[in-house]
>>> print(open('start_33.cif').read())   # mmCIF, C-alpha atoms
data_target
#
loop_
_atom_site.label_atom_id
_atom_site.label_comp_id
_atom_site.auth_asym_id
_atom_site.auth_seq_id
_atom_site.Cartn_x
_atom_site.Cartn_y
_atom_site.Cartn_z
CA MET A 1 28.62 -37.31 -2.52
CA THR A 2 26.73 -36.68 0.73
CA GLU A 3 23.38 -38.17 1.65
CA MET A 4 21.82 -34.72 1.26
CA GLY A 5 23.22 -34.53 -2.27
CA ARG A 6 21.61 -37.83 -3.22
CA ARG A 7 18.31 -36.80 -1.67
CA GLU A 8 18.33 -33.50 -3.55
CA ARG A 9 19.19 -35.25 -6.82
CA LYS A 10 16.34 -37.70 -6.30
CA LYS A 11 13.91 -34.85 -5.57
CA ALA A 12 15.05 -33.02 -8.70
CA ALA A 13 14.67 -36.19 -10.80
CA THR A 14 11.15 -36.79 -9.47
CA ARG A 15 10.20 -33.17 -10.10
CA GLN A 16 11.54 -33.38 -13.65
CA ALA A 17 9.75 -36.69 -14.30
CA LEU A 18 6.47 -35.13 -13.17
CA ALA A 19 6.95 -32.03 -15.32
CA ASP A 20 7.94 -34.14 -18.36
CA ALA A 21 4.94 -36.45 -17.92
CA ALA A 22 2.59 -33.49 -17.56
CA LEU A 23 3.86 -31.73 -20.66
CA ARG A 24 3.70 -34.95 -22.70
CA LEU A 25 0.14 -35.75 -21.58
CA PHE A 26 -1.06 -32.17 -21.97
CA SER A 27 0.44 -31.97 -25.46
CA GLU A 28 -1.11 -35.28 -26.50
CA ARG A 29 -4.60 -34.82 -25.07
CA GLY A 30 -5.04 -31.23 -23.97
CA TYR A 31 -4.62 -29.64 -20.57
CA ASP A 32 -8.26 -29.98 -19.48
CA GLU A 33 -8.40 -33.66 -20.43
CA VAL A 34 -5.61 -34.77 -18.08
CA GLY A 35 -5.94 -35.24 -14.33
CA VAL A 36 -3.24 -35.10 -11.67
CA ARG A 37 -3.67 -38.81 -10.93
CA GLU A 38 -2.76 -39.65 -14.54
CA ILE A 39 0.32 -37.45 -14.34
CA ALA A 40 1.41 -39.06 -11.06
CA ASP A 41 0.87 -42.53 -12.55
CA ALA A 42 2.87 -41.63 -15.67
CA ALA A 43 5.76 -40.49 -13.45
CA ASP A 44 5.35 -43.54 -11.20
CA VAL A 45 4.68 -41.55 -8.02
CA SER A 46 1.70 -40.97 -5.75
CA VAL A 47 -0.62 -37.97 -6.04
CA THR A 48 0.64 -36.92 -2.60
CA THR A 49 4.20 -36.86 -3.95
CA LEU A 50 3.05 -34.81 -6.94
CA PHE A 51 1.56 -32.18 -4.61
CA LYS A 52 4.68 -32.15 -2.43
CA HIS A 53 6.65 -31.10 -5.50
CA PHE A 54 3.95 -28.90 -7.05
CA PRO A 55 1.75 -27.54 -4.25
CA ASP A 56 0.22 -24.92 -6.58
CA GLY A 57 -1.47 -27.67 -8.59
CA LYS A 58 -1.70 -28.71 -12.18
CA GLU A 59 -0.70 -25.37 -13.73
CA ALA A 60 2.60 -25.35 -11.84
CA LEU A 61 3.60 -28.59 -13.59
CA VAL A 62 3.91 -26.71 -16.86
CA PHE A 63 6.07 -23.99 -15.31
CA ASP A 64 8.41 -26.28 -13.40
CA GLN A 65 11.37 -23.87 -13.41
CA ASP A 66 9.47 -20.94 -11.93
CA VAL A 67 11.53 -20.58 -8.73
CA ASP A 68 14.83 -20.90 -10.60
CA ARG A 69 13.78 -18.20 -13.05
CA GLU A 70 12.98 -15.65 -10.35
CA ALA A 71 16.30 -16.31 -8.61
CA ALA A 72 18.15 -15.91 -11.92
CA LEU A 73 16.43 -12.58 -12.64
CA VAL A 74 17.35 -11.16 -9.23
CA ALA A 75 20.91 -12.53 -9.51
CA ALA A 76 21.30 -10.91 -12.95
CA VAL A 77 20.75 -7.53 -11.29
CA ARG A 78 22.73 -8.12 -8.11
CA GLU A 79 25.67 -10.05 -9.54
CA ARG A 80 26.23 -8.29 -12.86
CA PRO A 81 29.76 -7.20 -13.80
CA ALA A 82 30.87 -3.72 -12.75
CA GLY A 83 29.90 -1.15 -15.35
CA GLN A 84 27.15 -3.28 -16.91
CA SER A 85 23.70 -1.66 -16.82
CA VAL A 86 20.71 -3.46 -15.35
CA PRO A 87 18.96 -3.66 -18.75
CA ARG A 88 22.10 -5.15 -20.35
CA ALA A 89 22.35 -7.75 -17.58
CA LEU A 90 18.69 -8.70 -18.01
CA HIS A 91 19.08 -8.78 -21.80
CA ARG A 92 22.01 -11.17 -21.51
CA LEU A 93 20.06 -13.45 -19.18
CA LEU A 94 16.86 -13.47 -21.23
CA LEU A 95 18.66 -13.84 -24.55
CA GLY A 96 20.58 -16.83 -23.20
CA GLU A 97 17.43 -18.32 -21.71
CA HIS A 98 15.52 -17.87 -24.98
CA SER A 99 18.34 -19.37 -27.01
CA ARG A 100 18.62 -22.41 -24.71
CA ARG A 101 14.89 -23.07 -24.80
CA VAL A 102 14.57 -22.77 -28.56
CA HIS A 103 17.71 -24.74 -29.46
CA ASP A 104 18.00 -27.23 -26.59
CA ASP A 105 14.41 -28.31 -26.04
CA PRO A 106 12.55 -29.70 -29.02
CA ARG A 107 9.32 -29.44 -27.01
CA PHE A 108 9.52 -25.65 -26.62
CA ASP A 109 7.07 -24.98 -29.47
CA ASP A 110 4.64 -27.48 -27.90
CA PHE A 111 5.01 -25.68 -24.58
CA LEU A 112 4.25 -22.27 -26.13
CA ARG A 113 1.28 -23.65 -28.05
CA LEU A 114 -0.08 -25.30 -24.91
CA VAL A 115 0.17 -22.09 -22.87
CA ASP A 116 -1.25 -19.92 -25.67
CA THR A 117 -4.29 -22.18 -26.16
CA THR A 118 -5.14 -22.90 -22.51
CA PRO A 119 -6.84 -20.10 -20.55
CA ALA A 120 -5.88 -21.54 -17.14
CA LEU A 121 -2.22 -21.69 -18.16
CA ARG A 122 -2.25 -18.19 -19.66
CA GLU A 123 -3.69 -16.86 -16.39
CA TYR A 124 -1.19 -18.80 -14.28
CA ALA A 125 1.67 -17.50 -16.45
CA ARG A 126 0.38 -13.94 -15.97
CA ARG A 127 0.25 -14.35 -12.17
CA MET A 128 3.69 -15.96 -12.15
CA TRP A 129 5.10 -13.15 -14.28
CA LEU A 130 3.57 -10.53 -11.99
CA ARG A 131 5.28 -12.15 -9.00
CA HIS A 132 8.60 -12.13 -10.87
CA GLU A 133 7.98 -8.52 -11.79
CA HIS A 134 7.66 -7.53 -8.12
CA ALA A 135 10.82 -9.41 -7.11
CA LEU A 136 12.76 -8.00 -10.05
CA ALA A 137 11.56 -4.42 -9.44
CA ALA A 138 12.59 -4.71 -5.79
CA ALA A 139 16.08 -5.89 -6.81
CA ILE A 140 16.40 -3.03 -9.31
CA ALA A 141 15.25 -0.47 -6.74
CA ASP A 142 17.66 -1.83 -4.14
CA ASP A 143 20.52 -1.72 -6.64
CA ALA A 144 19.67 1.86 -7.66
CA GLY A 145 19.14 3.04 -4.08
CA LEU A 146 15.54 3.93 -4.83
CA PRO A 147 12.35 3.22 -2.86
CA ALA A 148 10.94 -0.27 -3.42
CA ASP A 149 7.80 1.16 -5.05
CA ASP A 150 9.67 3.44 -7.47
CA PRO A 151 7.68 3.50 -10.74
CA SER A 152 10.76 3.59 -12.97
CA CYS A 153 12.05 0.36 -11.39
CA ARG A 154 8.65 -1.27 -11.77
CA ALA A 155 8.47 -0.14 -15.41
CA LEU A 156 11.91 -1.51 -16.23
CA ALA A 157 11.05 -4.84 -14.60
CA HIS A 158 7.72 -5.01 -16.42
CA PHE A 159 9.08 -4.24 -19.88
CA ALA A 160 12.14 -6.47 -19.46
CA LEU A 161 9.89 -9.40 -18.60
CA GLU A 162 7.48 -8.61 -21.44
CA ALA A 163 10.26 -8.41 -24.04
CA PRO A 164 10.39 -12.16 -24.85
CA VAL A 165 6.62 -12.17 -25.34
CA LEU A 166 6.79 -9.10 -27.58
CA VAL A 167 9.33 -10.72 -29.92
CA ARG A 168 7.61 -14.10 -30.11
CA GLY A 169 6.75 -14.82 -33.72
CA SER A 170 9.33 -12.37 -35.11
CA LYS A 171 11.35 -13.54 -38.09
CA ASP A 172 14.49 -13.00 -36.03
CA PRO A 173 13.60 -13.02 -32.32
CA GLY A 174 17.21 -12.52 -31.22
CA THR A 175 17.58 -9.30 -33.20
CA ALA A 176 14.15 -8.14 -32.08
CA LEU A 177 15.10 -8.76 -28.44
CA ASP A 178 18.32 -6.78 -29.00
CA ARG A 179 16.29 -3.83 -30.27
CA VAL A 180 13.89 -3.90 -27.32
CA PHE A 181 16.74 -3.97 -24.82
CA ASP A 182 18.63 -1.21 -26.67
CA LEU A 183 15.58 0.97 -26.07
CA LEU A 184 15.30 -0.07 -22.43
CA ASP A 185 19.00 0.49 -21.82
CA LYS A 186 18.99 3.98 -23.37
CA GLY A 187 15.89 4.98 -21.41
CA TRP A 188 17.20 3.59 -18.11
CA THR A 189 20.64 5.17 -18.57
CA GLU A 190 19.14 8.60 -19.37
CA HIS A 191 16.73 8.31 -16.44
CA ARG A 192 19.54 7.42 -14.02
CA GLN A 193 21.61 10.41 -15.18
CA LYS A 194 18.88 12.91 -14.27
#
>>> encode(input="start_33.cif", output="structure tokens")
Amino acid sequence: MTEMGRRERKKAATRQALADAALRLFSERGYDEVGVREIADAADVSVTTLFKHFPDGKEALVFDQDVDREAALVAAVRERPAGQSVPRALHRLLLGEHSRRVHDDPRFDDFLRLVDTTPALREYARRMWLRHEHALAAAIADDAGLPADDPSCRALAHFALEAPVLVRGSKDPGTALDRVFDLLDKGWTEHRQK
């Protein structure tokens, strides 16, 4: 493996250690009761290193996969199989993401509870989602050959991103997500045929 590969792995490990320490401390004591110095100490790094990895501050530690998520959303639109609609591609991505989080990470419920009960994190999540919405709408518009500010593209992006929130707490979130995306797919397909 190249030197760059090692360096990138080390950066990723440090970033993950910081995010893990933050989530553990926030879950144990509450978001407002934990400072960045404590998080850095728990991950055995300096505060300067913490801010190199998370320049947006404490809130960003909770949403450590923010950049990856936006790239995955845009790639779902741009790299989907021929004949697959944009809503179907987004459904597949979000369903897989939801399934992985629920089944692979035992801390997912703690994460949701932390975000739901912390105003600063709810606001950060809203801002983050809005940024994703703009990037996703631009990718949809580009794919459809429509202007970047097309309201139908913005609406599809908005409702696709809201779908996981809408189904949270459902008895069967997977089936509920299927139903939401069936509606989005039918509406988008009819709209595109006009």
>>> resolve_selection(input="start_33.cif", expression="the PyMOL selection byres ((chain A and resi 162-179) around 10)", output="PDB file with C-alpha atoms, keeping the file's coordinate frame")
ATOM      1  CA  ARG A  88      22.100  -5.150 -20.350  1.00  0.00           C
ATOM      2  CA  HIS A  91      19.080  -8.780 -21.800  1.00  0.00           C
ATOM      3  CA  ARG A  92      22.010 -11.170 -21.510  1.00  0.00           C
ATOM      4  CA  LEU A  94      16.860 -13.470 -21.230  1.00  0.00           C
ATOM      5  CA  LEU A  95      18.660 -13.840 -24.550  1.00  0.00           C
ATOM      6  CA  GLY A  96      20.580 -16.830 -23.200  1.00  0.00           C
ATOM      7  CA  GLU A  97      17.430 -18.320 -21.710  1.00  0.00           C
ATOM      8  CA  HIS A  98      15.520 -17.870 -24.980  1.00  0.00           C
ATOM      9  CA  SER A  99      18.340 -19.370 -27.010  1.00  0.00           C
ATOM     10  CA  LEU A 112       4.250 -22.270 -26.130  1.00  0.00           C
ATOM     11  CA  TRP A 129       5.100 -13.150 -14.280  1.00  0.00           C
ATOM     12  CA  GLU A 133       7.980  -8.520 -11.790  1.00  0.00           C
ATOM     13  CA  LEU A 156      11.910  -1.510 -16.230  1.00  0.00           C
ATOM     14  CA  ALA A 157      11.050  -4.840 -14.600  1.00  0.00           C
ATOM     15  CA  HIS A 158       7.720  -5.010 -16.420  1.00  0.00           C
ATOM     16  CA  PHE A 159       9.080  -4.240 -19.880  1.00  0.00           C
ATOM     17  CA  ALA A 160      12.140  -6.470 -19.460  1.00  0.00           C
ATOM     18  CA  LEU A 161       9.890  -9.400 -18.600  1.00  0.00           C
ATOM     19  CA  VAL A 180      13.890  -3.900 -27.320  1.00  0.00           C
ATOM     20  CA  PHE A 181      16.740  -3.970 -24.820  1.00  0.00           C
ATOM     21  CA  ASP A 182      18.630  -1.210 -26.670  1.00  0.00           C
ATOM     22  CA  LEU A 183      15.580   0.970 -26.070  1.00  0.00           C
ATOM     23  CA  LEU A 184      15.300  -0.070 -22.430  1.00  0.00           C
ATOM     24  CA  ASP A 185      19.000   0.490 -21.820  1.00  0.00           C
TER      25      ASP A 185
END
>>> atom_distance(input="start_33.cif", atom1="atom CA of A:Ser27", atom2="atom CA of A:Arg107")
9.4 Å
>>> atom_distance(input="start_33.cif", atom1="atom CA of A:His191", atom2="atom CA of A:Ser152")
8.4 Å
>>> atom_distance(input="start_33.cif", atom1="atom CA of A:Ala12", atom2="atom CA of A:Ala138")
28.6 Å
>>> resolve_selection(input="start_33.cif", expression="the PyMOL selection byres ((chain A and resi 31-34) around 10)", output="number ranges by chain")
A: 22-23, 25-30, 35-39, 58-59, 62, 114-115, 117-121
>>> residues_near_point(input="start_33.cif", point="(0.0, -25.4, -8.5)", cutoff="12 Å", atoms="all atoms listed in the file", output="list of chain:residue names")
A:Ala19, A:Val36, A:Leu50, A:Phe51, A:Lys52, A:His53, A:Phe54, A:Pro55, A:Asp56, A:Gly57, A:Lys58, A:Glu59, A:Ala60, A:Leu61, A:Val62, A:Phe63, A:Asp64, A:Asp66, A:Ala120, A:Leu121, A:Tyr124, A:Ala125, A:Arg127, A:Met128
>>> closest_residue(input="start_33.cif", among="A:Ala89, A:Leu136, A:Thr48, A:Asp109", to="A:Ala76", atoms="only C-alpha atoms")
A:Ala89
>>> closest_residue(input="start_33.cif", among="A:Arg113, A:Arg69, A:Arg80, A:Arg7", to="A:His132", atoms="all atoms listed in the file")
A:Arg69
>>> residues_around(input="start_33.cif", residues="A:Asp142", least_positions_apart="3", cutoff="12 Å", atoms="all atoms listed in the file", output="ChimeraX atom specification")
/A:74,77-78,86,135-139,145-150,153-154
>>> closest_residue(input="start_33.cif", among="A:Arg192, A:Asp44, A:Ala82, A:Arg126", to="A:Ala141", atoms="only C-alpha atoms")
A:Arg192
